[in-house]
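Q: What follows is a structure written as structure tokens; I'll ask about it next.
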Amino acid sequence: MSLQMFKMFKYFPFAVTSIRNANKKNLTSVLPNLQKRKMSFQFFDKLSQNFTELLNDKDNHNVIIEAKDKKTYTAHSSVLKYRSLYFRKELENIIPDENNIKTIIKPNISDEIFDIILKYIYGGIVNLEKVETRFIFDLMLAANKFELEELSKKLETILIEDKASWLKTHFYLVCQSDFDKQNSKDLEFCNDIVAILAKYPSLIFDNLGFTSLPESALVSLLKRDDLRMKEVKIWDYVIKWGIAQNPTLPINLKHWTKKNFRALKTTLQQCLPLIRYFHIANIEIYDKIRPFKKILDKQLWEDINQHLFVPKRPVKSIILPERSITEPFSTIISEDHVAEISSWIDRKTTTYSTTNIPYKFELILRGTRDGFTPQIFSNTCHDHACTVIVTKVKGTDEIIGGYNPLVWDNTYNDDQSNDGFIFSLKNGNLHDSILSRVTNTKYAIRNSCKNYQNHFGPYFGYCFCLDDSKSDFKNLENSCCDDYLNFYEERIRETYGRFSIDNYEVFKVVRKS
């Protein structure tokens, strides 16, 4: 048989074995080609389309599902059982009616959520375009409930990697949601969120809803070695939480009875072993721990006292490691804020994820560390370009600031820039950030000459500035926001005029190599 004939057969592997008298040399040359050619194909798109169409088939269904508002869906038991362990168990316990149809009632699942769940079960397609983060979270809860592990895990990843700022803001909602805390997968997700929040403990402990935090969430936080807070402050918050769970306790500690202390000890029995007592300063032990010594085990209190006087002598109690409290890069903004500001610098329409920020924010000045005088600002920031200034407004959740792409110098002039902007960042009760770009480039940035550097700090076209005639930005109401000259697109505060600040920071923005 000629080589040309073999070429005719090379797309039909089964024919090769039936050719008995083939020349061995030719056969050997053909077989490698047969082995290289992939004879396996996948047609998932069409399969998904057909199964999605099956979902709309009202004639051959044998399951009816009632969701919220009594909206009904038709489905097929064979599909539900093989795609979801939850539905497999559910269907096994339901007796069919006279038409051999089983009815499942799910009144707590919204129609929008259940519609997506069914489309995923049948077609493996989930469309999350233009949906709120809360919807993604609720969809994840539903996926958990219906034991759709693939979908649930994907949604968890989206929330943790791309929606961390929402998780931080809505931490209490997450903690109080209907997770099965005995389920290792649910617990893993909760721990991932706790890992994020350990970097920003003030978001949890300073929140008005702190005392309603579930015990399991508090315990998860206390277990972490990277919880960024002084141990004595952690102790204070634990005591505050415990007392809140016992509202009948006397307000004045001097009026507490043994029964009162016993009640608090019982409430905190999971939390007390997680405090790092042996890493608290002596004076803090005396002032903070000693008044509540009756809630501690006798041996522990003896060991704490021994450690105060003979710190190198071994104790019987377990000594937990000191928490690794590294100084945060900022006391005002978070990594999510950095991602948002970086996106504005690059004029992106979507915000960078915290794992994909192209810039480093290098701290060059912090008010509480370096001082609040205008002269310090001028001396420290002189000759620095591409800087971000953020301020924490006193008595509010407001974080406002500006980006200057130009150099701060000692010449009194209004520098021109198209790329500068001022902003207000979402934080606490403020759920939306405000970006206000330059409209009048001639007056975007104003520098102060040497004669005025003891009075004026950073000026963003009068729309955001720090100044003070008494040479201290922290003095009462000596910073201002105004837009009466329309140098920027819009105002970044609801109110005009002057305000006080708690702190301010200046960062040099450096592109990562």
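Scheme for the structure tokens: letters A, B, ... for chains in order shown; per-chain residue numbers from 1; ligand numbers from 1 in order shown.
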Quick one: everything within 9 Å of A:Leu272, counting only C-alpha atoms, minus sequence neighbours fewer than 3 positions away in the same chain. Send it as a list in words.

A: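 Final neighbour list, sorted by chain and number: Trp235, Val238, Lys265, Leu268, Gln269, Ile275, Ile295 and Leu296 of chain A.
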
Q: Atoms to include: N, CA, C and O atoms. Write the selected residues as a PDB file, in the first residue's frame.

A:
ATOM      1  N   TRP A 235      -7.591  44.201  75.929  1.00  0.00           N
ATOM      2  CA  TRP A 235      -8.203  43.833  77.207  1.00  0.00           C
ATOM      3  C   TRP A 235      -9.397  44.742  77.506  1.00  0.00           C
ATOM      4  O   TRP A 235     -10.470  44.270  77.896  1.00  0.00           O
ATOM      5  N   VAL A 238     -12.331  43.755  75.385  1.00  0.00           N
ATOM      6  CA  VAL A 238     -12.900  42.466  75.796  1.00  0.00           C
ATOM      7  C   VAL A 238     -13.776  42.649  77.025  1.00  0.00           C
ATOM      8  O   VAL A 238     -14.883  42.094  77.099  1.00  0.00           O
ATOM      9  N   LYS A 265     -16.897  36.401  84.287  1.00  0.00           N
ATOM     10  CA  LYS A 265     -15.911  35.354  84.011  1.00  0.00           C
ATOM     11  C   LYS A 265     -16.509  34.266  83.121  1.00  0.00           C
ATOM     12  O   LYS A 265     -15.856  33.780  82.183  1.00  0.00           O
ATOM     13  N   LEU A 268     -16.805  35.466  79.533  1.00  0.00           N
ATOM     14  CA  LEU A 268     -15.525  35.645  78.833  1.00  0.00           C
ATOM     15  C   LEU A 268     -14.633  34.412  78.887  1.00  0.00           C
ATOM     16  O   LEU A 268     -13.428  34.499  78.607  1.00  0.00           O
ATOM     17  N   GLN A 269     -15.196  33.264  79.202  1.00  0.00           N
ATOM     18  CA  GLN A 269     -14.352  32.084  79.393  1.00  0.00           C
ATOM     19  C   GLN A 269     -13.591  31.672  78.133  1.00  0.00           C
ATOM     20  O   GLN A 269     -12.513  31.075  78.214  1.00  0.00           O
ATOM     21  N   ILE A 275      -5.728  36.457  75.947  1.00  0.00           N
ATOM     22  CA  ILE A 275      -5.068  37.732  76.230  1.00  0.00           C
ATOM     23  C   ILE A 275      -3.592  37.471  76.530  1.00  0.00           C
ATOM     24  O   ILE A 275      -3.246  36.526  77.236  1.00  0.00           O
ATOM     25  N   ILE A 295     -11.895  37.733  87.914  1.00  0.00           N
ATOM     26  CA  ILE A 295     -12.381  36.928  86.787  1.00  0.00           C
ATOM     27  C   ILE A 295     -11.264  36.041  86.232  1.00  0.00           C
ATOM     28  O   ILE A 295     -11.503  35.242  85.317  1.00  0.00           O
ATOM     29  N   LEU A 296     -10.050  36.191  86.756  1.00  0.00           N
ATOM     30  CA  LEU A 296      -8.924  35.373  86.314  1.00  0.00           C
ATOM     31  C   LEU A 296      -8.747  34.176  87.238  1.00  0.00           C
ATOM     32  O   LEU A 296      -9.066  34.239  88.429  1.00  0.00           O
TER      33      LEU A 296
END

Q: Which neighbours of stretch 50-60 of chain A fall inside 12 Å, counting only C-alpha atoms, when residues of the same chain fewer than 4 positions from it are skipped, and could you give them as a ChimeraX atom specification?

A: /A:43-46,64,72-80,99-101,115-126

Q: Can you list, as a list of chain:residue names, every protein, DNA or RNA residue that comes within 9 Å of A:Pro358 when you count only C-alpha atoms, leaving out same-chain residues fewer than 3 positions away?

A: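 The contact residues come out as A:Ala339, A:Ser342, A:Tyr352, A:Val510, A:Arg511, A:Lys512, A:Ser513.
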
Q: Identify all residues of stretch 237-335 of chain A in alpha helix (DSSP H) (DSSP on the backbone) and supply them as an MDAnalysis selection string.

A: chainID A and resid 237:244 258:267 282:284 298:309 335

Q: Generate a file of the selected residues that holds N, CA and C atoms, formatted as a tab-separated table (two decimals), in the first residue's frame.

A:
chain	number	residue	atom	x	y	z
A	237	TYR	N	-11.32	46.35	75.50
A	237	TYR	CA	-12.46	46.06	74.61
A	237	TYR	C	-13.12	44.72	74.97
A	238	VAL	N	-12.33	43.75	75.38
A	238	VAL	CA	-12.90	42.47	75.80
A	238	VAL	C	-13.78	42.65	77.02
A	239	ILE	N	-13.30	43.42	77.98
A	239	ILE	CA	-14.10	43.71	79.18
A	239	ILE	C	-15.38	44.45	78.79
A	240	LYS	N	-15.26	45.42	77.91
A	240	LYS	CA	-16.43	46.18	77.44
A	240	LYS	C	-17.45	45.26	76.79
A	241	TRP	N	-16.97	44.34	75.95
A	241	TRP	CA	-17.87	43.39	75.29
A	241	TRP	C	-18.55	42.48	76.32
A	242	GLY	N	-17.76	41.97	77.27
A	242	GLY	CA	-18.32	41.07	78.28
A	242	GLY	C	-19.37	41.74	79.14
A	243	ILE	N	-19.12	42.98	79.54
A	243	ILE	CA	-20.09	43.71	80.36
A	243	ILE	C	-21.37	43.96	79.58
A	244	ALA	N	-21.23	44.25	78.29
A	244	ALA	CA	-22.41	44.50	77.46
A	244	ALA	C	-23.31	43.27	77.34
A	258	LYS	N	-19.40	39.13	94.29
A	258	LYS	CA	-18.73	37.93	93.76
A	258	LYS	C	-19.54	37.33	92.61
A	259	LYS	N	-20.86	37.40	92.77
A	259	LYS	CA	-21.74	36.87	91.73
A	259	LYS	C	-21.57	37.64	90.42
A	260	ASN	N	-21.41	38.94	90.53
A	260	ASN	CA	-21.21	39.76	89.33
A	260	ASN	C	-19.92	39.38	88.60
A	261	PHE	N	-18.84	39.24	89.35
A	261	PHE	CA	-17.56	38.86	88.74
A	261	PHE	C	-17.64	37.47	88.12
A	262	ARG	N	-18.39	36.58	88.81
A	262	ARG	CA	-18.54	35.21	88.30
A	262	ARG	C	-19.29	35.23	86.96
A	263	ALA	N	-20.30	36.09	86.86
A	263	ALA	CA	-21.07	36.19	85.61
A	263	ALA	C	-20.19	36.67	84.46
A	264	LEU	N	-19.35	37.67	84.74
A	264	LEU	CA	-18.46	38.17	83.69
A	264	LEU	C	-17.42	37.12	83.30
A	265	LYS	N	-16.90	36.40	84.29
A	265	LYS	CA	-15.91	35.35	84.01
A	265	LYS	C	-16.51	34.27	83.12
A	266	THR	N	-17.74	33.89	83.40
A	266	THR	CA	-18.42	32.87	82.59
A	266	THR	C	-18.60	33.35	81.16
A	267	THR	N	-19.01	34.62	81.00
A	267	THR	CA	-19.22	35.18	79.67
A	267	THR	C	-17.93	35.20	78.86
A	282	ASN	N	3.78	46.94	83.37
A	282	ASN	CA	3.46	46.82	84.80
A	282	ASN	C	2.37	47.79	85.25
A	283	ILE	N	2.50	49.04	84.84
A	283	ILE	CA	1.52	50.04	85.27
A	283	ILE	C	0.14	49.74	84.70
A	284	GLU	N	0.10	49.14	83.51
A	284	GLU	CA	-1.18	48.78	82.89
A	284	GLU	C	-1.79	47.57	83.58
A	298	LYS	N	-6.89	31.74	89.70
A	298	LYS	CA	-5.97	32.11	90.79
A	298	LYS	C	-4.51	31.93	90.39
A	299	GLN	N	-4.21	30.80	89.71
A	299	GLN	CA	-2.83	30.54	89.31
A	299	GLN	C	-2.33	31.57	88.31
A	300	LEU	N	-3.20	31.96	87.38
A	300	LEU	CA	-2.81	32.96	86.39
A	300	LEU	C	-2.49	34.29	87.06
A	301	TRP	N	-3.31	34.72	88.00
A	301	TRP	CA	-3.05	35.99	88.66
A	301	TRP	C	-1.76	35.94	89.48
A	302	GLU	N	-1.48	34.80	90.11
A	302	GLU	CA	-0.22	34.65	90.85
A	302	GLU	C	0.97	34.73	89.90
A	303	ASP	N	0.84	34.09	88.72
A	303	ASP	CA	1.94	34.11	87.75
A	303	ASP	C	2.16	35.51	87.18
A	304	ILE	N	1.07	36.24	86.97
A	304	ILE	CA	1.20	37.62	86.47
A	304	ILE	C	1.96	38.47	87.48
A	305	ASN	N	1.63	38.33	88.76
A	305	ASN	CA	2.32	39.09	89.80
A	305	ASN	C	3.78	38.70	89.91
A	306	GLN	N	4.04	37.38	89.82
A	306	GLN	CA	5.43	36.92	89.88
A	306	GLN	C	6.24	37.50	88.71
A	307	HIS	N	5.62	37.52	87.54
A	307	HIS	CA	6.30	38.02	86.34
A	307	HIS	C	6.63	39.51	86.47
A	308	LEU	N	5.81	40.25	87.21
A	308	LEU	CA	6.07	41.68	87.40
A	308	LEU	C	7.36	41.90	88.16
A	309	PHE	N	7.62	41.04	89.16
A	309	PHE	CA	8.78	41.23	90.03
A	309	PHE	C	9.99	40.39	89.61
A	335	GLU	N	-5.27	50.31	52.59
A	335	GLU	CA	-4.78	49.87	51.28
A	335	GLU	C	-5.86	50.05	50.21

Q: Tell me which of A:Cys381, A:Ile95, A:Ile105, A:Val194 sits closest to A:Lys68, counting only C-alpha atoms.

A: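 Checking each of A:Cys381, A:Ile95, A:Ile105, A:Val194 against A:Lys68, counting only C-alpha atoms, the winner is A:Ile105.
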
Q: Pick out the closest residue to A:Lys81 from this set: A:Leu148, A:Ile136, A:Leu173, A:Ala217. Count only C-alpha atoms.

A: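 Closest to A:Lys81 of all the choices is A:Leu148.
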